[in-house]
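A quick write-up on the structure given underneath.
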Amino acid sequence: MRILNPFQLSPLVALINIKTLGKREDAVIASIGCVVVNVVESNIVDEYYIRCQTELQAHRTTDKICHHFWQQQRMTNPASWQELFAPSIPRRPLKGALEDLSHFISQQFPTNSIIQLMGNNAEFDNAILTQAYEQAGLTAPIFKYENQSLATMSWLSKMIFGYDPNNILPFIGTKHHALHDAQHQAKVLLAIMDKLFMCTADHLEADIA
């Protein structure tokens, strides 16, 4: 795998989307979607999805706003509601889901590269995941400086190119489904990176570690 020296960067980014029952950092996590992309080759490398057992997250919180939102989805978007609440669908304990996510991410990235984790909004997805890892006594797959935000990338794209792929690219799948939302985020990031790479001729000139 190509490492972009001297920054210990690979061309890989892990896009994260989580569905929760609250807005705080200690919110109950209901599902996790992750899509790894190669921004140089402009393709999706692999993806991960898991549903979590919400009733066993006794030390995590819910709120009325999220409860109302999911009740609305039950009527208007039942497929997304069922992913979180249908009793017939198997779900993993949160600690096991986090361990599986870490294993998935570690298998994708070269051992000597920095893992870049990009949430739709880093202050939501990444912050909640980080707190969940800490609460479970696990090591999170990212550290402080690899905490990326798609919202920031989208803002830059609008400012530099006048281009908002989030509202141009068709959404495929079920909205408010963690994996389908992560897949859409991946397409948005790749579209932005394609435009950025068109503006420079030397983005592939880094040495291979």
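Residue numbering restarts at 1 for every chain of the structure tokens, chains are lettered A, B, ... in their displayed order, and ligands are numbered from 1 as they appear.
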Per-residue nearest contacts stretch 86-171 of chain A to stretch 7-27 of chain A, cut-off 8 Å, using only C-alpha atoms, as JSON lines:
```
{"residue": "A:Ile105", "atom": "CA", "partner": "A:Ala14", "partner_atom": "CA", "distance": 7.4}
{"residue": "A:Phe109", "atom": "CA", "partner": "A:Leu12", "partner_atom": "CA", "distance": 7.0}
{"residue": "A:Pro110", "atom": "CA", "partner": "A:Ser10", "partner_atom": "CA", "distance": 7.4}
{"residue": "A:Asn112", "atom": "CA", "partner": "A:Gln8", "partner_atom": "CA", "distance": 6.9}
{"residue": "A:Ser113", "atom": "CA", "partner": "A:Gln8", "partner_atom": "CA", "distance": 4.8}
{"residue": "A:Ile114", "atom": "CA", "partner": "A:Leu9", "partner_atom": "CA", "distance": 5.7}
{"residue": "A:Ile115", "atom": "CA", "partner": "A:Val13", "partner_atom": "CA", "distance": 7.2}
{"residue": "A:Gln116", "atom": "CA", "partner": "A:Val13", "partner_atom": "CA", "distance": 5.2}
{"residue": "A:Leu117", "atom": "CA", "partner": "A:Ala14", "partner_atom": "CA", "distance": 4.9}
{"residue": "A:Met118", "atom": "CA", "partner": "A:Leu15", "partner_atom": "CA", "distance": 4.8}
{"residue": "A:Gly119", "atom": "CA", "partner": "A:Ile16", "partner_atom": "CA", "distance": 4.8}
{"residue": "A:Asn120", "atom": "CA", "partner": "A:Asn17", "partner_atom": "CA", "distance": 6.6}
{"residue": "A:Phe124", "atom": "CA", "partner": "A:Glu25", "partner_atom": "CA", "distance": 7.3}
{"residue": "A:Asp125", "atom": "CA", "partner": "A:Ile18", "partner_atom": "CA", "distance": 6.0}
{"residue": "A:Asn126", "atom": "CA", "partner": "A:Ile16", "partner_atom": "CA", "distance": 7.7}
{"residue": "A:Ala127", "atom": "CA", "partner": "A:Glu25", "partner_atom": "CA", "distance": 6.0}
{"residue": "A:Ile128", "atom": "CA", "partner": "A:Glu25", "partner_atom": "CA", "distance": 4.4}
{"residue": "A:Leu129", "atom": "CA", "partner": "A:Glu25", "partner_atom": "CA", "distance": 7.9}
{"residue": "A:Gln131", "atom": "CA", "partner": "A:Glu25", "partner_atom": "CA", "distance": 6.3}
{"residue": "A:Ala132", "atom": "CA", "partner": "A:Asp26", "partner_atom": "CA", "distance": 6.8}
```
* To do: Enumerate, as a count of residues only, the complete set of residues in stretch 98-155 of chain A that a backbone-based DSSP assignment places in strand (DSSP E).
  => 6
Sort by chain and increasing residue number a table of all residues of stretch 63-164 of chain A within 6 Å of stretch 37-59 of chain A, each with its closest pair of atoms and their distance in Å to one decimal, counting only C-alpha atoms, and write it as a tab-separated table.
```
residue	atom	partner	partner_atom	distance
A:Arg91	CA	A:Cys52	CA	4.9
A:Arg92	CA	A:Cys52	CA	4.8
A:Pro93	CA	A:Gln53	CA	5.1
A:Leu94	CA	A:Cys52	CA	5.5
```
Output C-alpha atoms for every residue in the selection just made, as a PDB file, in the first residue's frame.
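Generated file (out_11.pdb):
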```pdb
ATOM      1  CA  ARG A  91     -27.861  -7.411  17.176  1.00  0.00           C
ATOM      2  CA  ARG A  92     -24.462  -7.379  18.879  1.00  0.00           C
ATOM      3  CA  PRO A  93     -23.578  -6.040  22.336  1.00  0.00           C
ATOM      4  CA  LEU A  94     -21.983  -2.614  21.928  1.00  0.00           C
TER       5      LEU A  94
END
```
* Suppose you want the space between atom CA of A:Ala140 and atom CA of A:Cys66; what is it in Å? ->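 Distance between the two atoms: 25.2 Å.
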* Asked: Contacts of stretch 152-168 of chain A at 7 Å or less, counting only C-alpha atoms, minus same-chain residues fewer than 3 places along, as a list in words?
  -> Ser149, Val188, Ala191 and Ile192 of chain A
* May I ask which of the residues A:Phe85, A:Phe171, A:Tyr133, A:Phe197 is the closest one to A:Gln71, counting only C-alpha atoms? =>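 The answer is A:Phe85, which sits nearest to A:Gln71.
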* At what distance in Å, to one decimal, does atom CA of A:Ser80 lie from atom CA of A:Lys175? ->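 For atom CA of A:Lys175 relative to atom CA of A:Ser80, the distance reads 6.9 Å.
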* Pick from A:Ala97, A:Ile32, A:Leu169, A:Ile142, whichever lies nearest to A:Gln185 using only C-alpha atoms ->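 Using only C-alpha atoms, A:Gln185 sits closest to A:Leu169.
What separates atom CA of A:His176 from atom CA of A:Asp100 is a distance of 21.5 Å.
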